[in-house]
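Asks: Encoded as structure tokens, here's the structure I'll be asking about.
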Amino acid sequence: MIRFIVRRLLSSIPVLLGVVLLVFILARVIPGDPCRAALGERATDAVCNDFEARYGLDQPIPIQFGIYMAKLLTGDLGASIRFGRPVADILAERLPLTLELTLFALVFATFFGVLLGILSAIRRNSPVDVGTMIVANLGVSTPVFVLGLLLQIVFAVALRDTILSMPPSGRLAAGVSVVPLATSWGLKDLDGPLRGIIDFASNMYLFNTLVTGQWSAFWDAVRHLILPAVAVGTIPLAIIARMTRSSLLEVLGLDYIRTARAKGLRERLVVVRHGLRNAMLPVVTVIGLSLGAFLSGAVLTETIFNLAGVGRTIVEAITGRDYIVIQGVTIVIAIGYLLVNLIVDVSYAFLDPRIRLT
Amino acid sequence: MTVTAEPLPELAADALVRARPANLWRDTLANVLRQRSAVVGLTILAALFLVAIFADLIAPYPPNQSMLDLGEKVSRQQPATLRPCVHALGCAADRPQHLFGLDGNLRDEFSRVVHGSRTSLRIGFLTVGFAIVVGTLIGAVAGYAGGWVDNVLMRLMDIVLSFPSLLLAIAIVTVLGSSLINAQLAIGVVAIPIYARVMRASVLATREADYIAASRALGESSTGLLLRRILPNSLTPLIVQGTLGIGGAILEVAALSFIGLGAQPPLAEWGAMISLDRNLINAAPHLLLFPGIAITLTVLGFNLLGDGLRDALDPRLNR
Amino acid sequence: MSRSPRWSLLAVFAVVAIVFAACTPGATSPSPSSPTATQASQPPASTEPFTGTAYPESGEAPCGQAEAPSGFGKYTGEFKKITAQDARTVVFELCSSDVAFLSKIAFTSFAINDTGWLESKIDPAKTENQDIVSMVNGTGPYSLTSWDRGSQIVMTANPNYWGEAPKSQTLVFRWGTEAAQRLTELSSGTVDGIDNVAPEDFATVQANADLKLEPREGLNVLYIGMNNNPKVEGFDNSKNPFANEKVRQAIAMGIDRQRITDQFYPPGSEVATHFTPCSIPNGCTGDAWYDFDAPAAKQLLADAGYPNGFTTKISYRNVARGYLPNPPAVAQDLQQQLKTNLNIDATLDEQESTTFIDNSDAGRLDGLYLLGWGADYPDVTNFLDFHFGSGATDQFGDKFDDITGALSEGAAGADDAAREPSYVTANNAIRTHVPMVPVVHGGSAVAYRADVQDTHASPLGNEYFGVMTPGDRSQFVWMQNAEPGGLYCADESDGESLRVCEQVTEALYAYEVGGTAAEPALAEACEPNAELTVWTCTLREATFHDGATLDANDVVLSYAVQWDTQHELHKGRDGSFSYFPGLFGGFLNPPPPEE
């Protein structure tokens with residue numbers, strides 16, 4: 001087991017280096033002028049030369065890469081060209097939102113996906129089953145941006161003033177603020193990495209408001225997350241539902257289930273205790289694999305719902321030619337994504353001993 | 001965006017391949033036709049292909065024809081004039097008929113949606129075709145050569161897979177410049193690893209098979225072996241994966257077009273059409289709805305067919 | 001229960017921890033989301049006698065410098081010296097007369113900051129990311145409470161405001177790029193006012209009893225640019241149709257500009273008769289633009305040697321502006337018209353925004369292109385000189401002596417009447433040479449909830465929210481196109497930042513509510529001498545949000561840090577201070593020109 005993990009870890013190092021190099025190259029060859037993107041359309045050439053010298057943009061590309069790697073190894077992601085602020089700060093503000101959105105969507109997709117999957121499996125070929133599968137197939141085929149725009153119009157405008165009404169965009173209602181954790185915990189003067197982690201957690205509004213008991217802000221944050229989470233989560237939900245159904249059907253057909261049934265165990269017990277446990281293996285894999293879909297969905301959803309997460313940040317950074325932000329955010333996302341995949345792999349190996357042998 | 005565009009784990013790719021070699025094409029066809037989803041998918045796709053082929057006959061107007069040039073009294077500033085006008089549904093007979101209404105440039109939306117089917121089908125096939133060709137090549141070389149070649153190639157594939165697919169595609173298009181071709185290329189590149197993995201697994205599985213060993217003993221060259229023996233036996237998983245991939249590719253190119261990185265105006269492409277008239281959503285929501293439904297139906301068709309094919313071609317995964 | 005959620009949760013938390021641990025050491029800056037409230041950190045106003053400062057401290061700026069000093073460029077600015085005569089009096093000495101002086105000092109970038117604030121919030125040792133970018137201490141009706149990056153800016157009414165107290169206790173700024181999305185917010189009642197309603201939604205808003213529309217006059221222009229001599233490597237200008245004046249004139253009369261205006265612009269937009277909008281003094285003197293006449297245009301094209309048209313491209317950027325609310329739609333219609341009216345085949349060429357501006361400025365666009373201009377301050381020089389003057393970029397290729405001559409004459413004129421003949425000449429010459437085709441002065445509109453009282457829309461885009469009463473609510477929420485880049489508006493140039501600053505900070509003068517006339521703000525008055533070269537401003541009694549008192553030295557320093565590139569506080573978000581040279585001719589100690 002440990003050998004498997006170590007081997008898996010080692011093999012991801014060259015991949016990681018490749019990712020860094022690829023992102024660096026991509027960010028450099030993007031056409032467009034970072035100076036005028038940062039300083040405005042009316043910046044003069046003299047101002048721009050000065051600007052390029054300041055950011056080392058006038059150096060040869062290999063030297064730029066060397067400087068970049070050296071900084072990266074010390075944990076310095078650089079400062080945004082457009083905002084003049086450290087990329088780490090921007091990530092600390094924006095990554096929490098994307099994580100929250102992804103987690104919320106993940107919970108939504110997993111809960112309803114597994115539930116619908118089980119219902120269809122045990123009522124195979126019933127209207128519930130057929131309905132679920134039709135919805136699942138449509139869900140996988142609907143573009144996230146169409147779904148997002150439709151949800152907005154339906155729940156924010158058409159259903160305005162009903163109990164189903166939802167806020168159309170944003171993260172909190174105007175004027176609602178969340179007290180930072182550092183303030184509520186009396187740690188305002190704290191500095192260093194711990195403070196960074198606290199601020200990061202603080203920007204996970206659901207977590208923050210939950211632990212400090214800011215209930216109205218919590219409820220407001222939840223309401224703002226529902227529509228985007230549905231938009232992001234629908235495709236994974238459909239996939240999870242299908243996978244749960246087929247996996248459960250397969251397991252329920254196996255010998256030991258028949259034995260359990262023959263022993264006279266109640267059907268519910270059979271399904272839950274024996275069937276489900278074993279059917280979950282492929283479902284876990286599918287959830288792990290869907291993380292990419294969640295993140296891709298977040299890019300589109302954040303644009304539509306006007307949420308300042310990393311997805312929108314990266315799209316804006318690309319249009320604004322903000323190399324440093326593009327690099328920093330992409331690298332953090334890629335590393336995170338790589339690690340999640342690693343963990344999924346390891347957990348899979350943990351759940352299914354056969355894997356370790358291959 | 002979709003599971004189909006996401007990587008299969010090597011395990012699953014393995015599983016797809018371990019299926020028996022598909023040499024019973026007639027049985028297979030019968031099998032496919034027994035799958036309800038495949039039949040529905042095929043029906044949708046057949047209709048779609050007919051629409052695409054006969055687009056010029058079906059569409060009452062050229063896709064880029066402005067009704068202003070034909071002297072129609074319509075205006076974007078009076079969104080009511082953009083609404084669908086169907087005589088059978090009570091639209092005044094003196095107004096020209098527009099089944100899906102007019103778009104923001106006063107063009108016939110129905111004609112554009114119809115012509116959009118050509119664009120989307122072309123996108124789907126070209127993108128996936130490109131990914132399959134390149135992916136198969138990489139996978140075959142990696143699997144066959146083994147050793148460091150295998151290692152380097154598959155690590156390269158891992159790097160590509162280390163990005164959420166849409167994000168990498170966005171980055172690639174930004175570098176190459178916004179155009180439909182570049183968007184397809186980007187989506188294609190992002191999809192390569194899936195096929196490379198499928199192919200590699202397939203090569204690894206068949207390499208040691210008896211009949212391959214026999215061919216080798218008979219002195220067949222490596223290339224010959226690859227082309228004549230191994231590739232045909234890998235077709236099943238490639239076809240299944242490819243069919244599912246087309247739906248995904250269409251969705252992703254539409255997403256790129258939606259954020260302005262794909263198809264450029266005035267080309268009738270569904271994602272670009274939605275993007276172009278996005279700000280008309282309050283005044284003329286049908287401009288969002290019709291292309292949206294068109295995308296969903298098309299992708300649905302490919303997904304259903306893909307599912308059906310998988311179930312039919314691969315008894316082990318039969319559910 | 002499925003194990004999956006727990007697993008994935010764990011995974012994501014682990015990632016967060018690892019990733020974050022990896023990127024924090026370099027970032028020990030203050031908490032990114034902590035409120036940036038301005039606290040009373042300033043000692044109470046001292047009773048010490050006032051010592052007036054001046055800038056430059058000794059001597060004066062080298063007006064009309066002939067030779068650049070080594071290491072610097074020539075001084076081209078219009079300020080000679082700024083002096084604090086006493087605590088309440090500031091004197092601006094100029095190099096030459098300037099009729100537009102009051103309009104210029106009213107601009108938001110020249111808001112007055114407190115000396116103590118500038119010195120404590122700008123660190124000479126840092127090049128950028130100064131504290132002053134996210135913290136603001138003004139004299140205006142609202143003070144900044146917090147800026148939740150990415151989501152909102154919250155402001156609170158200033159109880160000590162010298163003018164009329166703001167009508168709402170709290171003012172919130174939000175933003176969203178899509179016009180339809182802003183309207184969705186407004187219709188769902190989550191915001192009180194929105195910027196730039198989509199032209200097609202004017203009817204939607206008017207039909208909705210809960211909403212009301214405030215049209216905004218179009219102090220802008222959309223034009224179709226043509227370059228008579230593009231700076232493209234290997235370009236053969238003898239084959240450039242646009243080098244031929246007849247071709248340019250053919251385009252000028254071969255495009256149905258009325259159709260474009262009617263289809264894609266909201267009510268309140270006007271087909272352009274001249275480049276400059278008519279509401280700007282001397283804006284539309286001279287002959288009106290050509291009437292649409294396709295046959296005549298085709299004849300001209302044939303005379304020029306293109307009886308069968310030619311192929312070209314239409315470049316544009318997909319960025320909505322008041323002068324071009326829907327770029328791809330207009331570009332496509334233009335494409336259609338060129339084909340139908342002139343048999344010109346044009347392909348569309350959408351470019352990334354800054355690339356497009358760079359290409360245009362450098363004269364690298366060798367086809368037709370769609371670009372526009374919005375007024376910074378209401379003077380004809382802001383339109384004509386920038387585009388066609390001797391200092392203009394190469395965007396239209398070679399310049400025309402009769403245009404540049406008339407423009408430099410006009411700029412030096414003492415008053416609007418004296419300047420008129422020069423602008424008649426200039427406008428007629430533009431009409432003859434057709435460096436571009438002015439298309440439309442685009443109207444736009446803002447919308448409010450119907451119960452908001454005393455609403456207005458500003459032609460310069462700077463609405464004052466303090467005068468509006470949001471029904472029975474104590475909070476006014478405004479939604480605009482984008483988040484501000486920073487709140488130190490001396491170093492900002494986009495309207496999204498400027499509008500936020502306008503609620504918090506004040507300049508010596510201000511534009512009237514909903515109009516363009518400059519009226520006194522922090523100055524009770526600024527009086528010129530007879531030659532309009534010395535302006536003496538008397539300040540009013542005002543306090544900053546942090547309790548500091550306004551005095552003449554604050555004015556001198558606020559200008560000096562922008563004016564002199566060598567000033568140790570000449571720093572901000574990125575240090576470009578682009579509006580200062582734009583309006584006042586140039587920096588002191590400007591950087592040397594490129595060789």
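For the structure tokens, the naming scheme is as follows: chains receive sequential letters (A, B, ...) according to their order of presentation, residues are indexed from 1 within each chain, and ligands are indexed from 1 in presentation order.
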Taking only C-alpha atoms into account, report as a PyMOL selection string which residues of chain B lie within 12 Å of chain C.
Replies: chain B and resi 64-71+73-82+103-107+174-175+177-179+259-267+272-273+275-285
Asks: With a distance threshold of 7 Å and counting only C-alpha atoms, extract the residues of chain A near chain B and express them as number ranges by chain.
Replies: A: 15, 18-19, 26, 29-31, 137-138, 140-143, 146, 235, 246, 250, 289-290, 292-293, 295-297, 334, 337-338
Asks: For the selection you just gave me, I'd like the residues written to a file as a CSV table (one decimal), in the first residue's frame, keeping C-alpha atoms.
Replies:
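Dumped everything to again.csv:
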```csv
chain,number,residue,atom,x,y,z
A,15,VAL,CA,3.9,15.8,-14.4
A,18,GLY,CA,5.5,19.7,-17.0
A,19,VAL,CA,2.4,21.5,-15.9
A,26,LEU,CA,1.0,29.3,-22.6
A,29,VAL,CA,2.7,33.3,-26.0
A,30,ILE,CA,-0.8,34.8,-25.5
A,31,PRO,CA,-1.0,37.6,-27.9
A,137,ASN,CA,-29.8,11.8,-20.2
A,138,LEU,CA,-31.1,15.3,-20.7
A,140,VAL,CA,-25.8,15.3,-19.4
A,141,SER,CA,-26.7,16.8,-22.7
A,142,THR,CA,-27.7,20.3,-21.7
A,143,PRO,CA,-25.0,23.0,-21.9
A,146,VAL,CA,-28.1,27.4,-21.2
A,235,ILE,CA,-24.2,17.0,-15.4
A,246,SER,CA,-26.1,0.3,-13.2
A,250,GLU,CA,-25.1,-5.4,-11.3
A,289,LEU,CA,-13.5,11.9,-12.2
A,290,SER,CA,-16.2,14.5,-12.2
A,292,GLY,CA,-12.8,18.3,-13.6
A,293,ALA,CA,-16.3,18.7,-14.8
A,295,LEU,CA,-14.3,23.0,-12.2
A,296,SER,CA,-15.0,23.4,-15.9
A,297,GLY,CA,-18.6,24.0,-15.0
A,334,ALA,CA,-3.7,22.1,-11.7
A,337,TYR,CA,-6.6,18.8,-9.3
A,338,LEU,CA,-3.5,16.5,-9.6
```
Asks: Give the answer as one residue: which of C:Asp131, C:Glu214, C:Asp114, C:Asp402 has the shortest atom-to-atom distance to chain A, using only C-alpha atoms?
Replies: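 Nearest to chain A: C:Asp131.
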Asks: Taking only C-alpha atoms into account, what are the residues of chain A at most 7 Å from chain C, put as a PyMOL selection string?
Replies: chain A and resi 32-33+36-37+39-41+43+46-47+75-77+83-86+88-89+93+107+156-157+160+168+170-171+174-175+180+191-193+196-197+199+280+284+306+308+332+336+339-340+343
Asks: What parts of range 83-323 of chain A does DSSP call alpha helix (DSSP H)? I'd like the answer as JSON, numbers by chain.
Replies: {"A": [87, 88, 89, 90, 91, 92, 93, 94, 95, 96, 97, 98, 99, 100, 101, 102, 103, 104, 105, 106, 107, 108, 109, 110, 111, 112, 113, 114, 115, 116, 117, 118, 119, 120, 121, 122, 127, 128, 129, 130, 131, 132, 133, 134, 135, 136, 137, 138, 139, 140, 141, 144, 145, 146, 147, 148, 149, 150, 151, 181, 182, 183, 184, 193, 194, 195, 196, 197, 198, 199, 200, 201, 202, 205, 206, 207, 208, 209, 210, 211, 212, 215, 216, 217, 218, 219, 220, 221, 222, 223, 224, 225, 226, 227, 228, 229, 230, 231, 232, 233, 234, 235, 236, 237, 238, 239, 240, 241, 242, 243, 244, 245, 246, 247, 248, 249, 250, 251, 252, 255, 256, 257, 258, 259, 260, 261, 262, 267, 268, 269, 277, 278, 279, 280, 281, 282, 283, 284, 285, 286, 287, 288, 289, 290, 291, 292, 293, 294, 295, 296, 297, 298, 299, 300, 301, 302, 303, 304, 310, 311, 312, 313, 314, 315, 316, 317, 318, 319, 323]}
